[in-house]
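To keep things clear, I will list the structure first and then write my remarks on it.
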Amino acid sequence: MEAMIERCAGLDVHQETVVACVLFGQLDKKPKTSIETFSTTPTGLLALSDWLATLQVSDVVMESTGVYWKPIWNILEGSFHLVLANARHVKNVPGRKTDVKDAEWLAKLLRCGLIESNFVPPEDIRDLRDLTRYRKKLIHHRTSEQNRIHKILQDANIKLTSVLSDIFGVSGRRILEAILNGEKIETDGLRKWWIGEQRQVLLILPVQLMVVFAVIIVICCVTIGSI
């Protein structure tokens, strides 16, 4: 295989350790090898970065192993050209596997330009992804809890959904809070809470109707003028 990169490194990433193999030397000759093992603590990863910089490494490859590659990527990003490899695309030949052999195999493939990097978005986009995924998870949990409350009310034969379209609105929350406090809920009191909200809607409704009628009149005038 023809070599394309003079100084490159392959990282075999694990939860507690990362094995680094550096290949360096002239492209037309057999490369020299240097192998070290570092811990995945911040101190260990900073030591890894310094070691790679000392050997003047330009390109570094690692497998996308779970989430273990992310801290290493964050430390090395900006100092080296990083390549995130798909584990299925760089699978070694069957046989006795060791961490050193895996790191050396990755380095050899990278040196020959045989690894296609997976897309890794910039840091700000990665942070935004984490926030949106967490928000989506919270919304899912909220919906699950709301469905659970619906089920508990139905099991207890409390038919709030028969009089309220949204039991988690203002009135619904007041009623649920009263139930939790052990208060006795009468039909008249329930109707009073519900009608109170309806009164506010009735006060707003005429204004909304006036806006709708005004828009309809304007459209009609424009249509008649164009005819």
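By convention here, the chains of the structure tokens are called A, B, ... in the order presented, each chain's residues are numbered starting at 1, and ligands are numbered starting at 1 in the order presented.
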Please provide the set of residues having any atom within 10 Å of stretch 121-137 of chain A, restricted to only C-alpha atoms, with same-chain residues fewer than 4 positions apart removed, written as a PyMOL selection string. chain A and resi 74+77+141-143
Dump as CSV the rows for residues of stretch 93-117 of chain A within 12 Å of stretch 25-28 of chain A: closest atom pair and distance in Å with one decimal, only C-alpha atoms counted, ordered by chain and rising residue number.
```
residue,atom,partner,partner_atom,distance
A:Lys108,CA,A:Leu27,CA,12.0
A:Arg111,CA,A:Leu27,CA,9.0
A:Cys112,CA,A:Leu27,CA,9.5
```
Dump as an mmCIF file, in the first residue's frame, selection limited to N, CA and C atoms:
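Output saved as part.cif:
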```
data_model
loop_
_atom_site.group_PDB
_atom_site.id
_atom_site.type_symbol
_atom_site.label_atom_id
_atom_site.label_comp_id
_atom_site.auth_asym_id
_atom_site.auth_seq_id
_atom_site.Cartn_x
_atom_site.Cartn_y
_atom_site.Cartn_z
ATOM 1 N N LYS A 108 -1.906 2.396 10.250
ATOM 2 C CA LYS A 108 -1.500 1.959 8.913
ATOM 3 C C LYS A 108 -2.530 2.350 7.863
ATOM 4 N N ARG A 111 -2.311 6.101 7.317
ATOM 5 C CA ARG A 111 -1.088 6.472 6.600
ATOM 6 C C ARG A 111 -1.243 6.274 5.097
ATOM 7 N N CYS A 112 -2.027 5.297 4.727
ATOM 8 C CA CYS A 112 -2.244 5.016 3.304
ATOM 9 C C CYS A 112 -3.494 5.702 2.750
#
```
Mind the document's chain letters and residue numbers, and return as a list of chain:residue names the residues of stretch 15-182 of chain A that DSSP labels strand (DSSP E or B). A:Thr17, A:Val18, A:Val19, A:Ala20, A:Cys21, A:Val22, A:Leu23, A:Phe24, A:Lys32, A:Thr33, A:Ser34, A:Ile35, A:Glu36, A:Thr37, A:Phe38, A:Ser39, A:Asp59, A:Val60, A:Val61, A:Met62, A:Glu63, A:Glu77, A:Phe80, A:His81, A:Leu82, A:Val83, A:Leu84, A:Ala85
Can you tell me which residues surround A:Asn86 at a distance of at most 7 Å, considering only C-alpha atoms, apart from same-chain residues fewer than 3 positions away, and format the answer as a VMD selection string? chain A and resid 63 to 64 89 to 90 118
Just checking: using only C-alpha atoms, which residue out of A:Val19, A:Ile5, A:Ile139, A:Leu180 ends up closest to A:Ile72? A:Val19
So that I can check the surroundings of A:Leu106, please list as a short mmCIF file (atom, residue, chain, number, x, y, z; two decimals) with N, CA, C and O atoms, in the first residue's frame every protein, DNA and RNA residue that reaches within 12 Å of it, counting only C-alpha atoms and ignoring chain neighbours fewer than 2 positions away.
```cif
data_model
loop_
_atom_site.label_atom_id
_atom_site.label_comp_id
_atom_site.auth_asym_id
_atom_site.auth_seq_id
_atom_site.Cartn_x
_atom_site.Cartn_y
_atom_site.Cartn_z
N CYS A 8 1.43 10.11 11.38
CA CYS A 8 0.02 9.91 11.74
C CYS A 8 -0.06 9.01 12.96
O CYS A 8 0.90 8.34 13.34
N ALA A 9 -1.25 9.00 13.56
CA ALA A 9 -1.44 8.21 14.79
C ALA A 9 -2.80 7.52 14.75
O ALA A 9 -3.78 8.07 14.24
N GLY A 10 -2.84 6.32 15.31
CA GLY A 10 -4.08 5.58 15.49
C GLY A 10 -4.36 5.40 16.97
O GLY A 10 -3.45 5.04 17.73
N LEU A 11 -5.59 5.66 17.37
CA LEU A 11 -5.97 5.57 18.79
C LEU A 11 -6.99 4.47 18.97
O LEU A 11 -8.04 4.46 18.31
N ASP A 12 -6.67 3.54 19.87
CA ASP A 12 -7.64 2.51 20.26
C ASP A 12 -8.26 2.95 21.59
O ASP A 12 -7.59 2.92 22.64
N VAL A 13 -9.52 3.36 21.55
CA VAL A 13 -10.16 4.05 22.66
C VAL A 13 -10.95 3.07 23.52
O VAL A 13 -11.69 2.24 23.01
N VAL A 19 -4.93 3.62 23.78
CA VAL A 19 -3.62 3.18 23.27
C VAL A 19 -3.34 3.95 21.99
O VAL A 19 -4.16 3.94 21.05
N ALA A 20 -2.21 4.62 21.94
CA ALA A 20 -1.84 5.44 20.78
C ALA A 20 -0.64 4.82 20.08
O ALA A 20 0.37 4.47 20.72
N CYS A 21 -0.74 4.70 18.76
CA CYS A 21 0.35 4.19 17.94
C CYS A 21 0.67 5.24 16.88
O CYS A 21 -0.20 5.61 16.09
N VAL A 22 1.91 5.71 16.87
CA VAL A 22 2.35 6.73 15.91
C VAL A 22 3.27 6.08 14.88
O VAL A 22 4.22 5.37 15.26
N LEU A 23 2.98 6.32 13.60
CA LEU A 23 3.85 5.89 12.51
C LEU A 23 4.46 7.13 11.88
O LEU A 23 3.74 8.07 11.53
N ASP A 59 -2.00 13.95 11.61
CA ASP A 59 -3.31 13.32 11.47
C ASP A 59 -3.49 12.27 12.53
O ASP A 59 -2.57 11.49 12.83
N VAL A 60 -4.71 12.21 13.08
CA VAL A 60 -5.03 11.25 14.14
C VAL A 60 -6.36 10.60 13.80
O VAL A 60 -7.32 11.28 13.43
N VAL A 61 -6.44 9.28 13.95
CA VAL A 61 -7.68 8.55 13.68
C VAL A 61 -8.09 7.78 14.92
O VAL A 61 -7.25 7.30 15.69
N MET A 62 -9.40 7.70 15.13
CA MET A 62 -9.96 6.91 16.23
C MET A 62 -11.30 6.34 15.77
O MET A 62 -11.94 6.87 14.86
N GLU A 63 -11.71 5.24 16.40
CA GLU A 63 -12.99 4.64 16.08
C GLU A 63 -14.11 5.33 16.85
O GLU A 63 -13.90 5.85 17.95
N VAL A 83 -9.73 12.26 12.40
CA VAL A 83 -10.55 11.39 11.54
C VAL A 83 -11.31 10.44 12.45
O VAL A 83 -10.70 9.74 13.28
N LEU A 84 -12.64 10.45 12.32
CA LEU A 84 -13.48 9.53 13.09
C LEU A 84 -13.91 8.40 12.17
O LEU A 84 -14.64 8.62 11.19
N ALA A 85 -13.44 7.20 12.46
CA ALA A 85 -13.66 6.06 11.57
C ALA A 85 -14.84 5.22 12.04
O ALA A 85 -15.05 5.04 13.24
N ASN A 86 -15.59 4.71 11.07
CA ASN A 86 -16.64 3.75 11.37
C ASN A 86 -16.01 2.40 11.67
O ASN A 86 -15.19 1.90 10.91
N ALA A 87 -16.38 1.82 12.81
CA ALA A 87 -15.74 0.58 13.25
C ALA A 87 -15.90 -0.55 12.24
O ALA A 87 -15.00 -1.38 12.07
N HIS A 89 -15.98 -0.26 9.02
CA HIS A 89 -15.18 -0.02 7.82
C HIS A 89 -13.70 -0.29 8.04
O HIS A 89 -12.95 -0.44 7.07
N VAL A 90 -13.26 -0.31 9.30
CA VAL A 90 -11.83 -0.49 9.58
C VAL A 90 -11.60 -1.77 10.37
O VAL A 90 -10.58 -1.91 11.05
N LYS A 91 -12.51 -2.71 10.27
CA LYS A 91 -12.38 -3.96 11.02
C LYS A 91 -11.15 -4.72 10.58
O LYS A 91 -10.90 -4.92 9.38
N ASN A 92 -10.38 -5.17 11.54
CA ASN A 92 -9.14 -5.89 11.25
C ASN A 92 -9.46 -7.32 10.83
O ASN A 92 -10.57 -7.82 11.04
N ASP A 99 -5.08 -4.39 21.97
CA ASP A 99 -5.24 -2.96 21.84
C ASP A 99 -4.13 -2.35 20.99
O ASP A 99 -4.36 -1.44 20.18
N VAL A 100 -2.91 -2.85 21.16
CA VAL A 100 -1.78 -2.33 20.40
C VAL A 100 -1.95 -2.63 18.91
O VAL A 100 -1.72 -1.76 18.05
N LYS A 101 -2.38 -3.85 18.58
CA LYS A 101 -2.58 -4.21 17.18
C LYS A 101 -3.68 -3.38 16.55
O LYS A 101 -3.57 -2.97 15.38
N ASP A 102 -4.75 -3.12 17.30
CA ASP A 102 -5.84 -2.31 16.76
C ASP A 102 -5.38 -0.89 16.49
O ASP A 102 -5.70 -0.30 15.45
N ALA A 103 -4.63 -0.30 17.41
CA ALA A 103 -4.13 1.05 17.21
C ALA A 103 -3.17 1.11 16.02
O ALA A 103 -3.20 2.05 15.21
N GLU A 104 -2.30 0.10 15.90
CA GLU A 104 -1.34 0.06 14.79
C GLU A 104 -2.06 -0.13 13.46
O GLU A 104 -1.69 0.47 12.44
N LYS A 108 -1.91 2.40 10.25
CA LYS A 108 -1.50 1.96 8.91
C LYS A 108 -2.53 2.35 7.86
O LYS A 108 -2.18 2.83 6.78
N LEU A 109 -3.82 2.16 8.18
CA LEU A 109 -4.86 2.53 7.22
C LEU A 109 -4.86 4.04 6.98
O LEU A 109 -5.02 4.50 5.84
N LEU A 110 -4.67 4.82 8.05
CA LEU A 110 -4.66 6.27 7.89
C LEU A 110 -3.45 6.72 7.09
O LEU A 110 -3.55 7.64 6.26
N ARG A 111 -2.31 6.10 7.32
CA ARG A 111 -1.09 6.47 6.60
C ARG A 111 -1.24 6.27 5.10
O ARG A 111 -0.69 7.04 4.30
N CYS A 112 -2.03 5.30 4.73
CA CYS A 112 -2.24 5.02 3.30
C CYS A 112 -3.49 5.70 2.75
O CYS A 112 -3.85 5.48 1.59
N GLY A 113 -4.16 6.49 3.58
CA GLY A 113 -5.33 7.22 3.11
C GLY A 113 -6.53 6.35 2.81
O GLY A 113 -7.31 6.66 1.90
N LEU A 114 -6.70 5.28 3.57
CA LEU A 114 -7.77 4.31 3.29
C LEU A 114 -8.96 4.45 4.23
O LEU A 114 -9.85 3.60 4.21
N ILE A 115 -8.99 5.51 5.05
CA ILE A 115 -10.09 5.68 5.99
C ILE A 115 -10.90 6.91 5.60
O ILE A 115 -10.36 8.01 5.44
N GLU A 116 -12.19 6.70 5.46
CA GLU A 116 -13.11 7.81 5.18
C GLU A 116 -13.71 8.28 6.50
O GLU A 116 -14.30 7.50 7.24
#
```
